[in-house]
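Chemist: The following block contains the structure, expressed as structure tokens.
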Amino acid sequence: MENSGYNKNNPIKNYQKNTMKKKNLQLFTLSTLISLAFFIMPIIYIMPRIVMMAAQYKLTDTDTVTNEGKAPLNSISHTHRFPTGKDKIIVRLNTDTFYSSGWFDLSEQPFIVHVPKTDGRYYSLQFNDTWTNAYAYIGKRATGSNEGYYAIVGPNWEGELPVGISKIKSPTNLTWVIGRTMYLGKNDIQNVIHLQKQITLTPLSKHIAKAE
């Protein structure tokens, strides 16, 4: 019969052995958890960047600006319909606005955002860094309904902007712009499209050249 180490004539020794086994098991479990934590934590840390890289690839993998949310880098796309269950790049899409989307590289120069007067209609432009953080908003609730110009600048940009343009600093050189414009019914679609066309992002150099 296999010797399990149990000695019925020495209960103290048996207790010491059982206690040692429990301690060894606890140490093994703790060390395993620590090892798992060191393995999992970097994955958790980098996951937002991976998600954003995937979104950027899906939304910029085109040579032309579409009306389905896809546009080349440094361009914005305006959709002319409500999102459906097939639209899964943005989570929890609301169904009372038309979306706009664009990815912009701020490493060389800022982009000038123009928004039109919206007469109280709800709209918003959400600016996200590459860690999924929404770092700024332009829109009815954040800046009002009047026409305006804003400059989205990269983290290291130190130049001067034209007078009358408000600066918004992005924490990362790549930024994802997500727009939402309220849609009020079938007879309103052309009004929404008209407003969307006036939401533009232009490189600073081109904006200055147009003004001269």
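Every chain in the structure tokens has a letter given in the order shown (A, B, ...), and although residue numbers restart at 1 in each chain, ligands are simply numbered from 1 in the order shown.
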From a DSSP calculation on the backbone, collect every residue of chain A in alpha helix (DSSP H) and output the set as a ChimeraX atom specification.
Modeler: /A:11-60,189-197,204-211
Chemist: Taking the DSSP secondary structure from the backbone, can you list the residues of region 24-194 of chain A that are strand (DSSP E or B), as a PyMOL selection string?
Modeler: chain A and resi 75-78+97-105+111-115+123-128+134-139+148-153+166-169+174-182
Chemist: Could you take the residues named above and write them with N, CA and C atoms, as a tab-separated table (two decimals), in the first residue's frame?
Modeler:
```tsv
chain	number	residue	atom	x	y	z
A	75	SER	N	-9.94	62.95	-44.19
A	75	SER	CA	-11.21	63.29	-44.83
A	75	SER	C	-12.34	62.87	-43.90
A	76	ILE	N	-13.52	63.48	-44.11
A	76	ILE	CA	-14.67	63.14	-43.28
A	76	ILE	C	-15.81	62.64	-44.15
A	77	SER	N	-16.49	61.61	-43.67
A	77	SER	CA	-17.63	61.02	-44.37
A	77	SER	C	-18.90	61.32	-43.60
A	78	HIS	N	-19.96	61.69	-44.32
A	78	HIS	CA	-21.26	61.95	-43.71
A	78	HIS	C	-22.25	60.89	-44.19
A	97	THR	N	-29.95	60.23	-34.99
A	97	THR	CA	-28.99	61.15	-35.62
A	97	THR	C	-28.34	60.47	-36.82
A	98	PHE	N	-27.90	61.31	-37.77
A	98	PHE	CA	-27.05	60.83	-38.86
A	98	PHE	C	-25.60	61.01	-38.41
A	99	TYR	N	-24.78	60.02	-38.70
A	99	TYR	CA	-23.40	60.04	-38.22
A	99	TYR	C	-22.45	60.60	-39.27
A	100	SER	N	-21.35	61.16	-38.78
A	100	SER	CA	-20.21	61.54	-39.60
A	100	SER	C	-18.97	60.93	-38.96
A	101	SER	N	-17.95	60.67	-39.77
A	101	SER	CA	-16.75	60.04	-39.22
A	101	SER	C	-15.54	60.38	-40.06
A	102	GLY	N	-14.42	60.62	-39.39
A	102	GLY	CA	-13.17	60.87	-40.10
A	102	GLY	C	-11.97	60.72	-39.19
A	103	TRP	N	-10.88	60.21	-39.74
A	103	TRP	CA	-9.61	60.09	-39.03
A	103	TRP	C	-8.64	61.13	-39.57
A	104	PHE	N	-7.91	61.80	-38.66
A	104	PHE	CA	-7.04	62.90	-39.07
A	104	PHE	C	-5.67	62.76	-38.41
A	105	ASP	N	-4.64	63.02	-39.23
A	105	ASP	CA	-3.25	62.98	-38.77
A	105	ASP	C	-2.79	64.41	-38.49
A	111	PHE	N	-5.78	70.89	-38.14
A	111	PHE	CA	-6.92	70.94	-39.06
A	111	PHE	C	-7.94	71.94	-38.50
A	112	ILE	N	-8.46	72.76	-39.41
A	112	ILE	CA	-9.44	73.77	-39.02
A	112	ILE	C	-10.84	73.19	-39.21
A	113	VAL	N	-11.59	73.15	-38.13
A	113	VAL	CA	-12.95	72.63	-38.15
A	113	VAL	C	-13.92	73.79	-38.34
A	114	HIS	N	-14.79	73.66	-39.34
A	114	HIS	CA	-15.86	74.65	-39.53
A	114	HIS	C	-17.19	73.99	-39.23
A	115	VAL	N	-18.00	74.65	-38.40
A	115	VAL	CA	-19.36	74.17	-38.14
A	115	VAL	C	-20.33	75.29	-38.48
A	123	TYR	N	-26.54	68.88	-32.57
A	123	TYR	CA	-25.46	68.22	-33.31
A	123	TYR	C	-24.26	68.17	-32.39
A	124	SER	N	-23.33	67.30	-32.69
A	124	SER	CA	-22.09	67.26	-31.90
A	124	SER	C	-20.98	66.67	-32.74
A	125	LEU	N	-19.77	67.15	-32.48
A	125	LEU	CA	-18.55	66.54	-33.00
A	125	LEU	C	-17.74	66.08	-31.80
A	126	GLN	N	-17.49	64.80	-31.74
A	126	GLN	CA	-16.73	64.20	-30.64
A	126	GLN	C	-15.33	63.89	-31.14
A	127	PHE	N	-14.32	64.30	-30.37
A	127	PHE	CA	-12.92	64.11	-30.76
A	127	PHE	C	-12.28	63.09	-29.82
A	128	ASN	N	-11.76	62.02	-30.41
A	128	ASN	CA	-11.20	60.92	-29.62
A	128	ASN	C	-9.71	60.75	-29.92
A	134	ALA	N	-12.46	60.51	-25.20
A	134	ALA	CA	-13.08	61.66	-25.84
A	134	ALA	C	-12.54	62.91	-25.14
A	135	TYR	N	-11.69	63.66	-25.82
A	135	TYR	CA	-11.01	64.78	-25.17
A	135	TYR	C	-11.65	66.13	-25.46
A	136	ALA	N	-12.60	66.20	-26.39
A	136	ALA	CA	-13.24	67.49	-26.68
A	136	ALA	C	-14.54	67.26	-27.44
A	137	TYR	N	-15.45	68.24	-27.31
A	137	TYR	CA	-16.71	68.23	-28.06
A	137	TYR	C	-16.95	69.62	-28.64
A	138	ILE	N	-17.50	69.64	-29.84
A	138	ILE	CA	-18.07	70.84	-30.44
A	138	ILE	C	-19.52	70.51	-30.74
A	139	GLY	N	-20.44	71.42	-30.41
A	139	GLY	CA	-21.84	71.13	-30.68
A	139	GLY	C	-22.77	71.97	-29.85
A	148	GLY	N	-18.93	78.51	-36.33
A	148	GLY	CA	-17.66	78.68	-35.63
A	148	GLY	C	-16.52	77.97	-36.32
A	149	TYR	N	-15.30	78.39	-35.95
A	149	TYR	CA	-14.07	77.77	-36.46
A	149	TYR	C	-13.22	77.34	-35.27
A	150	TYR	N	-12.69	76.15	-35.35
A	150	TYR	CA	-11.86	75.58	-34.29
A	150	TYR	C	-10.66	74.90	-34.92
A	151	ALA	N	-9.54	74.91	-34.21
A	151	ALA	CA	-8.33	74.24	-34.70
A	151	ALA	C	-8.03	73.03	-33.81
A	152	ILE	N	-7.97	71.87	-34.43
A	152	ILE	CA	-7.55	70.67	-33.72
A	152	ILE	C	-6.05	70.52	-33.95
A	153	VAL	N	-5.26	70.63	-32.88
A	153	VAL	CA	-3.81	70.62	-33.02
A	153	VAL	C	-3.23	69.40	-32.31
A	166	SER	N	-10.55	79.06	-32.23
A	166	SER	CA	-10.28	78.48	-30.92
A	166	SER	C	-9.45	77.21	-31.06
A	167	LYS	N	-8.48	77.04	-30.18
A	167	LYS	CA	-7.59	75.88	-30.25
A	167	LYS	C	-8.08	74.75	-29.35
A	168	ILE	N	-8.07	73.54	-29.90
A	168	ILE	CA	-8.37	72.32	-29.15
A	168	ILE	C	-7.17	71.39	-29.33
A	169	LYS	N	-6.54	71.02	-28.24
A	169	LYS	CA	-5.32	70.22	-28.32
A	169	LYS	C	-5.63	68.74	-28.14
A	174	LEU	N	-2.93	61.22	-33.92
A	174	LEU	CA	-4.08	60.71	-34.65
A	174	LEU	C	-5.33	60.99	-33.85
A	175	THR	N	-6.37	61.46	-34.53
A	175	THR	CA	-7.63	61.73	-33.83
A	175	THR	C	-8.79	61.23	-34.67
A	176	TRP	N	-9.80	60.72	-33.98
A	176	TRP	CA	-11.01	60.22	-34.65
A	176	TRP	C	-12.14	61.18	-34.34
A	177	VAL	N	-12.73	61.73	-35.39
A	177	VAL	CA	-13.85	62.66	-35.24
A	177	VAL	C	-15.14	61.91	-35.53
A	178	ILE	N	-16.06	61.94	-34.58
A	178	ILE	CA	-17.38	61.31	-34.75
A	178	ILE	C	-18.44	62.40	-34.64
A	179	GLY	N	-19.20	62.58	-35.71
A	179	GLY	CA	-20.24	63.60	-35.73
A	179	GLY	C	-21.63	63.00	-35.63
A	180	ARG	N	-22.53	63.75	-35.01
A	180	ARG	CA	-23.94	63.34	-34.91
A	180	ARG	C	-24.81	64.56	-35.19
A	181	THR	N	-25.77	64.42	-36.10
A	181	THR	CA	-26.67	65.52	-36.43
A	181	THR	C	-28.11	65.02	-36.33
A	182	MET	N	-28.93	65.75	-35.56
A	182	MET	CA	-30.31	65.33	-35.32
A	182	MET	C	-31.12	65.28	-36.60
```
Chemist: Considering only C-alpha atoms, state which residue in the set A:Thr172, A:Gln56, A:Thr84, A:Asn94 is at the smallest distance from Pro72 (chain A).
Modeler: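 Of the candidates, the smallest distance to Pro72 (chain A) is held by A:Gln56.
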Chemist: Please compute the CA of Trp131 (chain A)-CA of Val65 (chain A) distance, one decimal, in Å.
Modeler: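 Going from CA of Trp131 (chain A) over to CA of Val65 (chain A), I get 24.9 Å.
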Chemist: Write out as number ranges by chain which residues come within 10 Å of Asp119 (chain A) when counting only C-alpha atoms, dropping same-chain ones fewer than 4 positions away.
Modeler: A: 140, 144-147
Chemist: Restricting the calculation to only C-alpha atoms: of A:Pro162, A:Pro110, A:Pro116, A:Pro155, which residue gets closest to Asn74 (chain A)?
Modeler: A:Pro110
Chemist: Kindly give the distance, in Å, that separates CA of Leu201 (chain A) and CA of Asn156 (chain A), rounded to a single decimal.
Modeler: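 For CA of Leu201 (chain A) relative to CA of Asn156 (chain A), the distance reads 19.5 Å.
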Chemist: Name the residues in contact with Tyr45 (chain A) at a cut-off of 12 Å, using only C-alpha atoms, excluding same-chain residues fewer than 6 positions from it; report them as a list in words.
Modeler: Ala37, Phe38, Phe39, Val51, Trp131 and Thr132 of chain A
Chemist: Restricting it to C-alpha atoms, dump the selection as a PDB file, in the first residue's frame.
Modeler:
```pdb
ATOM      1  CA  ALA A  37      -1.444  39.527 -13.593  1.00  0.00           C
ATOM      2  CA  PHE A  38       1.911  40.430 -15.169  1.00  0.00           C
ATOM      3  CA  PHE A  39       0.771  38.684 -18.353  1.00  0.00           C
ATOM      4  CA  VAL A  51      -9.448  48.614 -30.872  1.00  0.00           C
ATOM      5  CA  TRP A 131      -6.649  55.548 -26.381  1.00  0.00           C
ATOM      6  CA  THR A 132     -10.453  55.859 -26.929  1.00  0.00           C
TER       7      THR A 132
END
```
Chemist: Between A:Asp129, A:Glu160, A:Asp96, A:Glu212, which one has atoms that come closest to Met52 (chain A), using only C-alpha atoms?
Modeler: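 Looking only at the distances to Met52 (chain A), the closest residue turns out to be A:Asp129.
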Chemist: Hey, which of A:Lys117, A:Lys70, A:Lys58, A:His80 ends up closest to Ile199 (chain A)? Count only C-alpha atoms.
Modeler: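 Of A:Lys117, A:Lys70, A:Lys58, A:His80, the one nearest Ile199 (chain A), counting only C-alpha atoms, is A:Lys117.
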Chemist: Restricting the calculation to only C-alpha atoms, which member of A:Leu184, A:Ala54, A:Thr32, A:Thr79 is positioned closest to Lys197 (chain A)?
Modeler: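 Using only C-alpha atoms, the shortest distance to Lys197 (chain A) belongs to A:Thr79.
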